[in-house]
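See structure below.
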Amino acid sequence: MVRLRAVRLSLGRGAAQVEALKGVSLDVARGEAVGLVGPSGSGKSSLLMTLAGLEQVNSGRVLINGFDITDLNEDMLAKFRGRYIGIVFQSFHLVPTMTALENVALPLELADASDAFSRAKRALERVGLGGRLGHYPAQLSGGEQQRVAIARAVVGRPPLIVADEPTGNLDEDTGKDIVDLLFALKRDEGATLVLVTHDPALAARCDRTIRMRSGLIESATLDEAS
Ligand code: ADP
Ligand code: MG
């Protein structure tokens, strides 16, 4: 599902430029759940953004679902993301002036899908928010907002779901509900899941843990060794 080869990525400009990824190679199989762990600043988010097609690499190759996306232009990348990748952030990134239903329908509307609102409604029901369709983000709890964000990420049934510290802004119980939901979606849809987490309990639920340090993969282990 994911194949990275010798990926290097620089972020920032001039004196502030940092080599966030220094030659990373990685394979993730279809249907696998991989947890990315490691200290702050080690390149976890950079790796996730790279395999979500949100950052373009300086060298190396990025293949997703068999497609080489390394040299796609911005327009092509945006189309590719819309079709193949669901992205969940720590801080939800919902549009505050849109209802839950409108937020979830948005990616489908941008893709000119005819049944955007009925599919968005089903996605919200799937995450347990069938009773909150007309609520605005400010009228929802943090956990509910993250559910909306997850519904938006998966409404197009992407084969790859990436999540950057999806429970980082939530209390422990709410975070556990969100993790349960992500793994249920993975199981039901057969999606591949790559997530960044500081939470050992979440990392332990993944099939495999990858530890980053200073822009490199330090070790890749099966969950029992993490
Ligand atoms: P992590 O998610 O593991 O905390 P990141 O991938 O966010 O790490 O960051 C990796 C490195 O890249 C860090 O040294 C960070 O300071 C740097 N970095 C991240 N974003 C930028 C940016 N926009 N400009 C310059 N440096 C950045
Ligand atoms: Mg990060």
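Numbering starts fresh at 1 for the residues of each chain in the structure tokens, the chains themselves are lettered A, B, ... in the order given, and ligands are numbered from 1 as they appear.
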Non-local contacts of A:Gly82 (8 Å; only C-alpha atoms; under 6 positions in same chain excluded) as a list in words = Pro107, Ala111 and Gly156 of chain A
task = Counting only C-alpha atoms and all ligand atoms, name the residues that have an atom within 12 Å of an atom of ligand 1; the answer should be given as a ChimeraX atom specification.
result = /A:8-22,36-50,55,89-90,163-165,195-198,210-217
request  = Give the alpha helix (DSSP H) residues of stretch 1-200 of chain A, as assigned by DSSP on the backbone, as a ChimeraX atom specification.
outcome  = /A:44-51,74-84,100-110,116-126,142-154,172-189,200
Enumerate, as an mmCIF file with N, CA, C and O atoms, in the first residue's frame, the complete set of residues in stretch 166-207 of chain A that a backbone-based DSSP assignment places in strand (DSSP E or B).
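Here's the written file result-v4.cif:
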```
data_model
loop_
_atom_site.group_PDB
_atom_site.id
_atom_site.type_symbol
_atom_site.label_atom_id
_atom_site.label_comp_id
_atom_site.auth_asym_id
_atom_site.auth_seq_id
_atom_site.Cartn_x
_atom_site.Cartn_y
_atom_site.Cartn_z
ATOM 1 N N THR A 192 -5.858 0.447 5.249
ATOM 2 C CA THR A 192 -4.528 0.490 5.837
ATOM 3 C C THR A 192 -4.467 1.720 6.735
ATOM 4 O O THR A 192 -4.994 2.771 6.380
ATOM 5 N N LEU A 193 -3.848 1.552 7.903
ATOM 6 C CA LEU A 193 -3.846 2.625 8.897
ATOM 7 C C LEU A 193 -2.407 2.942 9.295
ATOM 8 O O LEU A 193 -1.667 2.053 9.703
ATOM 9 N N VAL A 194 -2.016 4.200 9.145
ATOM 10 C CA VAL A 194 -0.709 4.634 9.631
ATOM 11 C C VAL A 194 -0.958 5.777 10.588
ATOM 12 O O VAL A 194 -1.573 6.783 10.207
ATOM 13 N N LEU A 195 -0.521 5.624 11.844
ATOM 14 C CA LEU A 195 -0.785 6.699 12.784
ATOM 15 C C LEU A 195 0.410 7.028 13.657
ATOM 16 O O LEU A 195 1.197 6.162 14.030
ATOM 17 N N VAL A 196 0.536 8.332 13.917
ATOM 18 C CA VAL A 196 1.551 8.840 14.834
ATOM 19 C C VAL A 196 0.936 8.882 16.207
ATOM 20 O O VAL A 196 -0.194 9.358 16.371
#
```
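With only C-alpha atoms and all ligand atoms as the atoms that count, the minimum distance from ligand 2 to the choices A:Arg147, A:Ala204, A:Leu133, A:Ser91 is reached by A:Ser91.
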Which neighbours of A:Leu129 fall inside 10 Å, counting only C-alpha atoms, when residues of the same chain fewer than 3 positions from it are skipped, and could you give them as a PDB file with all heavy atoms, in the first residue's frame?
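Saved as result_10.pdb:
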```
ATOM      1  N   ALA A 100     -21.808  19.786  10.921  1.00  0.00           N
ATOM      2  CA  ALA A 100     -21.144  18.485  10.835  1.00  0.00           C
ATOM      3  C   ALA A 100     -21.413  17.846   9.474  1.00  0.00           C
ATOM      4  O   ALA A 100     -20.496  17.369   8.796  1.00  0.00           O
ATOM      5  CB  ALA A 100     -21.626  17.580  11.968  1.00  0.00           C
ATOM      6  N   LEU A 101     -22.681  17.869   9.059  1.00  0.00           N
ATOM      7  CA  LEU A 101     -23.041  17.245   7.777  1.00  0.00           C
ATOM      8  C   LEU A 101     -22.323  17.919   6.611  1.00  0.00           C
ATOM      9  O   LEU A 101     -21.791  17.245   5.722  1.00  0.00           O
ATOM     10  CB  LEU A 101     -24.559  17.320   7.580  1.00  0.00           C
ATOM     11  CG  LEU A 101     -25.089  16.586   6.348  1.00  0.00           C
ATOM     12  CD1 LEU A 101     -24.885  15.085   6.473  1.00  0.00           C
ATOM     13  CD2 LEU A 101     -26.578  16.899   6.134  1.00  0.00           C
ATOM     14  N   LYS A 121     -24.252  11.697   5.609  1.00  0.00           N
ATOM     15  CA  LYS A 121     -25.138  11.326   6.716  1.00  0.00           C
ATOM     16  C   LYS A 121     -24.819   9.906   7.189  1.00  0.00           C
ATOM     17  O   LYS A 121     -24.706   9.654   8.393  1.00  0.00           O
ATOM     18  CB  LYS A 121     -26.586  11.427   6.238  1.00  0.00           C
ATOM     19  CG  LYS A 121     -27.633  11.084   7.282  1.00  0.00           C
ATOM     20  CD  LYS A 121     -29.012  11.539   6.788  1.00  0.00           C
ATOM     21  CE  LYS A 121     -30.123  11.154   7.735  1.00  0.00           C
ATOM     22  NZ  LYS A 121     -30.526   9.755   7.627  1.00  0.00           N
ATOM     23  N   ARG A 122     -24.636   8.990   6.258  1.00  0.00           N
ATOM     24  CA  ARG A 122     -24.295   7.607   6.642  1.00  0.00           C
ATOM     25  C   ARG A 122     -22.962   7.547   7.371  1.00  0.00           C
ATOM     26  O   ARG A 122     -22.809   6.802   8.340  1.00  0.00           O
ATOM     27  CB  ARG A 122     -24.259   6.711   5.402  1.00  0.00           C
ATOM     28  CG  ARG A 122     -25.643   6.285   4.926  1.00  0.00           C
ATOM     29  CD  ARG A 122     -25.590   4.997   4.117  1.00  0.00           C
ATOM     30  NE  ARG A 122     -24.766   5.117   2.922  1.00  0.00           N
ATOM     31  CZ  ARG A 122     -25.198   5.663   1.770  1.00  0.00           C
ATOM     32  NH1 ARG A 122     -26.427   6.127   1.671  1.00  0.00           N
ATOM     33  NH2 ARG A 122     -24.385   5.742   0.730  1.00  0.00           N
ATOM     34  N   ALA A 123     -21.971   8.337   6.899  1.00  0.00           N
ATOM     35  CA  ALA A 123     -20.659   8.337   7.561  1.00  0.00           C
ATOM     36  C   ALA A 123     -20.779   8.859   8.988  1.00  0.00           C
ATOM     37  O   ALA A 123     -20.155   8.328   9.917  1.00  0.00           O
ATOM     38  CB  ALA A 123     -19.659   9.170   6.758  1.00  0.00           C
ATOM     39  N   LEU A 124     -21.600   9.877   9.191  1.00  0.00           N
ATOM     40  CA  LEU A 124     -21.780  10.414  10.550  1.00  0.00           C
ATOM     41  C   LEU A 124     -22.527   9.419  11.434  1.00  0.00           C
ATOM     42  O   LEU A 124     -22.228   9.290  12.629  1.00  0.00           O
ATOM     43  CB  LEU A 124     -22.502  11.767  10.491  1.00  0.00           C
ATOM     44  CG  LEU A 124     -21.567  12.928  10.132  1.00  0.00           C
ATOM     45  CD1 LEU A 124     -22.359  14.146   9.670  1.00  0.00           C
ATOM     46  CD2 LEU A 124     -20.678  13.304  11.324  1.00  0.00           C
ATOM     47  N   GLU A 125     -23.484   8.718  10.854  1.00  0.00           N
ATOM     48  CA  GLU A 125     -24.167   7.668  11.634  1.00  0.00           C
ATOM     49  C   GLU A 125     -23.161   6.580  12.022  1.00  0.00           C
ATOM     50  O   GLU A 125     -23.184   6.069  13.150  1.00  0.00           O
ATOM     51  CB  GLU A 125     -25.314   7.073  10.804  1.00  0.00           C
ATOM     52  CG  GLU A 125     -26.503   8.027  10.711  1.00  0.00           C
ATOM     53  CD  GLU A 125     -27.501   7.649   9.615  1.00  0.00           C
ATOM     54  OE1 GLU A 125     -27.208   6.721   8.822  1.00  0.00           O
ATOM     55  OE2 GLU A 125     -28.568   8.298   9.543  1.00  0.00           O
ATOM     56  N   ARG A 126     -22.252   6.277  11.092  1.00  0.00           N
ATOM     57  CA  ARG A 126     -21.242   5.228  11.351  1.00  0.00           C
ATOM     58  C   ARG A 126     -20.352   5.586  12.545  1.00  0.00           C
ATOM     59  O   ARG A 126     -19.909   4.696  13.273  1.00  0.00           O
ATOM     60  CB  ARG A 126     -20.393   5.025  10.085  1.00  0.00           C
ATOM     61  CG  ARG A 126     -19.243   4.049  10.229  1.00  0.00           C
ATOM     62  CD  ARG A 126     -19.745   2.637  10.409  1.00  0.00           C
ATOM     63  NE  ARG A 126     -18.650   1.701  10.649  1.00  0.00           N
ATOM     64  CZ  ARG A 126     -18.086   1.506  11.827  1.00  0.00           C
ATOM     65  NH1 ARG A 126     -18.492   2.186  12.875  1.00  0.00           N
ATOM     66  NH2 ARG A 126     -17.105   0.631  11.970  1.00  0.00           N
ATOM     67  N   ARG A 132     -26.346  14.493  15.407  1.00  0.00           N
ATOM     68  CA  ARG A 132     -25.651  15.787  15.488  1.00  0.00           C
ATOM     69  C   ARG A 132     -25.410  16.394  14.108  1.00  0.00           C
ATOM     70  O   ARG A 132     -24.525  17.217  13.937  1.00  0.00           O
ATOM     71  CB  ARG A 132     -24.278  15.604  16.169  1.00  0.00           C
ATOM     72  CG  ARG A 132     -24.317  15.115  17.599  1.00  0.00           C
ATOM     73  CD  ARG A 132     -24.736  16.221  18.549  1.00  0.00           C
ATOM     74  NE  ARG A 132     -24.595  15.818  19.941  1.00  0.00           N
ATOM     75  CZ  ARG A 132     -25.484  15.064  20.582  1.00  0.00           C
ATOM     76  NH1 ARG A 132     -26.570  14.626  19.959  1.00  0.00           N
ATOM     77  NH2 ARG A 132     -25.281  14.745  21.848  1.00  0.00           N
ATOM     78  N   LEU A 133     -26.193  16.019  13.133  1.00  0.00           N
ATOM     79  CA  LEU A 133     -25.909  16.414  11.747  1.00  0.00           C
ATOM     80  C   LEU A 133     -25.869  17.926  11.566  1.00  0.00           C
ATOM     81  O   LEU A 133     -25.042  18.457  10.825  1.00  0.00           O
ATOM     82  CB  LEU A 133     -26.970  15.828  10.795  1.00  0.00           C
ATOM     83  CG  LEU A 133     -27.156  14.310  10.830  1.00  0.00           C
ATOM     84  CD1 LEU A 133     -28.221  13.891   9.807  1.00  0.00           C
ATOM     85  CD2 LEU A 133     -25.846  13.588  10.542  1.00  0.00           C
ATOM     86  N   HIS A 135     -25.287  20.240  13.873  1.00  0.00           N
ATOM     87  CA  HIS A 135     -24.474  20.973  14.838  1.00  0.00           C
ATOM     88  C   HIS A 135     -23.234  21.567  14.174  1.00  0.00           C
ATOM     89  O   HIS A 135     -22.629  20.941  13.301  1.00  0.00           O
ATOM     90  CB  HIS A 135     -24.018  20.029  15.960  1.00  0.00           C
ATOM     91  CG  HIS A 135     -25.072  19.754  16.983  1.00  0.00           C
ATOM     92  ND1 HIS A 135     -26.322  19.271  16.656  1.00  0.00           N
ATOM     93  CD2 HIS A 135     -25.050  19.884  18.339  1.00  0.00           C
ATOM     94  CE1 HIS A 135     -27.020  19.112  17.780  1.00  0.00           C
ATOM     95  NE2 HIS A 135     -26.274  19.482  18.809  1.00  0.00           N
ATOM     96  N   GLU A 144     -16.435  14.567  19.885  1.00  0.00           N
ATOM     97  CA  GLU A 144     -17.406  14.598  18.780  1.00  0.00           C
ATOM     98  C   GLU A 144     -16.813  15.266  17.543  1.00  0.00           C
ATOM     99  O   GLU A 144     -17.022  14.813  16.407  1.00  0.00           O
ATOM    100  CB  GLU A 144     -18.681  15.324  19.227  1.00  0.00           C
ATOM    101  CG  GLU A 144     -19.508  14.503  20.210  1.00  0.00           C
ATOM    102  CD  GLU A 144     -20.654  15.295  20.838  1.00  0.00           C
ATOM    103  OE1 GLU A 144     -20.586  16.549  20.871  1.00  0.00           O
ATOM    104  OE2 GLU A 144     -21.606  14.657  21.308  1.00  0.00           O
ATOM    105  N   GLN A 145     -16.037  16.335  17.771  1.00  0.00           N
ATOM    106  CA  GLN A 145     -15.386  16.996  16.629  1.00  0.00           C
ATOM    107  C   GLN A 145     -14.422  16.041  15.931  1.00  0.00           C
ATOM    108  O   GLN A 145     -14.345  16.001  14.704  1.00  0.00           O
ATOM    109  CB  GLN A 145     -14.643  18.250  17.086  1.00  0.00           C
ATOM    110  CG  GLN A 145     -15.565  19.378  17.503  1.00  0.00           C
ATOM    111  CD  GLN A 145     -14.798  20.630  17.888  1.00  0.00           C
ATOM    112  OE1 GLN A 145     -14.021  21.172  17.116  1.00  0.00           O
ATOM    113  NE2 GLN A 145     -15.004  21.079  19.115  1.00  0.00           N
ATOM    114  N   ARG A 147     -14.718  12.849  15.847  1.00  0.00           N
ATOM    115  CA  ARG A 147     -15.553  11.882  15.100  1.00  0.00           C
ATOM    116  C   ARG A 147     -15.992  12.451  13.757  1.00  0.00           C
ATOM    117  O   ARG A 147     -16.020  11.739  12.756  1.00  0.00           O
ATOM    118  CB  ARG A 147     -16.791  11.506  15.912  1.00  0.00           C
ATOM    119  CG  ARG A 147     -16.509  10.555  17.031  1.00  0.00           C
ATOM    120  CD  ARG A 147     -17.717  10.352  17.920  1.00  0.00           C
ATOM    121  NE  ARG A 147     -17.304   9.551  19.041  1.00  0.00           N
ATOM    122  CZ  ARG A 147     -17.239   8.220  19.021  1.00  0.00           C
ATOM    123  NH1 ARG A 147     -17.633   7.559  17.961  1.00  0.00           N
ATOM    124  NH2 ARG A 147     -16.787   7.555  20.059  1.00  0.00           N
ATOM    125  N   VAL A 148     -16.358  13.738  13.776  1.00  0.00           N
ATOM    126  CA  VAL A 148     -16.727  14.382  12.510  1.00  0.00           C
ATOM    127  C   VAL A 148     -15.526  14.358  11.560  1.00  0.00           C
ATOM    128  O   VAL A 148     -15.658  14.027  10.367  1.00  0.00           O
ATOM    129  CB  VAL A 148     -17.200  15.840  12.741  1.00  0.00           C
ATOM    130  CG1 VAL A 148     -17.454  16.536  11.400  1.00  0.00           C
ATOM    131  CG2 VAL A 148     -18.454  15.875  13.604  1.00  0.00           C
ATOM    132  N   ALA A 151     -15.164  10.945  10.186  1.00  0.00           N
ATOM    133  CA  ALA A 151     -16.192  10.692   9.163  1.00  0.00           C
ATOM    134  C   ALA A 151     -15.816  11.367   7.849  1.00  0.00           C
ATOM    135  O   ALA A 151     -15.952  10.787   6.771  1.00  0.00           O
ATOM    136  CB  ALA A 151     -17.559  11.205   9.660  1.00  0.00           C
TER     137      ALA A 151
END
```
Interatomic distance, atom CA of A:Ile69 to atom CA of A:Gly190 (Å, one decimal) = 22.2 Å
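Picture a line from atom CA of A:Gly175 to atom CA of A:Met98; it runs 24.1 Å.
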task = Can you pull out every residue within 8 Å of A:Ala29, counting only C-alpha atoms, but drop anything in the same chain fewer than 2 positions away, and send it as JSON, numbers by chain?
result = {"A": [1, 2, 27, 31, 32, 192]}
Could you give me, as JSON lines, a per-residue list for stretch 6-109 of chain A showing, wherever an atom lies at most 12 Å from an atom of stretch 177-182 of chain A, the closest pair of atoms and their distance in Å to one decimal, using only C-alpha atoms and sorting by chain then residue number from low to high?
```
{"residue": "A:Ala33", "atom": "CA", "partner": "A:Leu182", "partner_atom": "CA", "distance": 10.1}
{"residue": "A:Gly86", "atom": "CA", "partner": "A:Leu182", "partner_atom": "CA", "distance": 11.4}
{"residue": "A:Ile87", "atom": "CA", "partner": "A:Leu182", "partner_atom": "CA", "distance": 11.7}
{"residue": "A:Val88", "atom": "CA", "partner": "A:Leu182", "partner_atom": "CA", "distance": 10.1}
{"residue": "A:Gln90", "atom": "CA", "partner": "A:Ile178", "partner_atom": "CA", "distance": 11.5}
```
ask   = Which polymer residues have any atom within 10 Å of an atom of A:Leu106, counting only C-alpha atoms, with same-chain residues fewer than 5 positions away left out, as a list in words?
value = Val95, Met98, Leu101, Ala111, Asp112, Ala113, Ala116, Phe117, Ala120, Arg152 and Val155 of chain A
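With distances restricted to only C-alpha atoms and all ligand atoms, A:Gly168 is the closest residue to ligand 2 from A:Asn58, A:Arg5, A:Gly168, A:Phe67.
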inquiry  = From the options A:Pro166, A:Leu202, A:Arg187, A:Ser114, which residue's atoms come nearest to ligand 2, counting only C-alpha atoms and all ligand atoms?
reply    = A:Pro166
ask   = What separation in Å, quoted to one decimal, exists between atom CA of A:Phe183 and atom CA of A:Arg81?
value = 20.8 Å
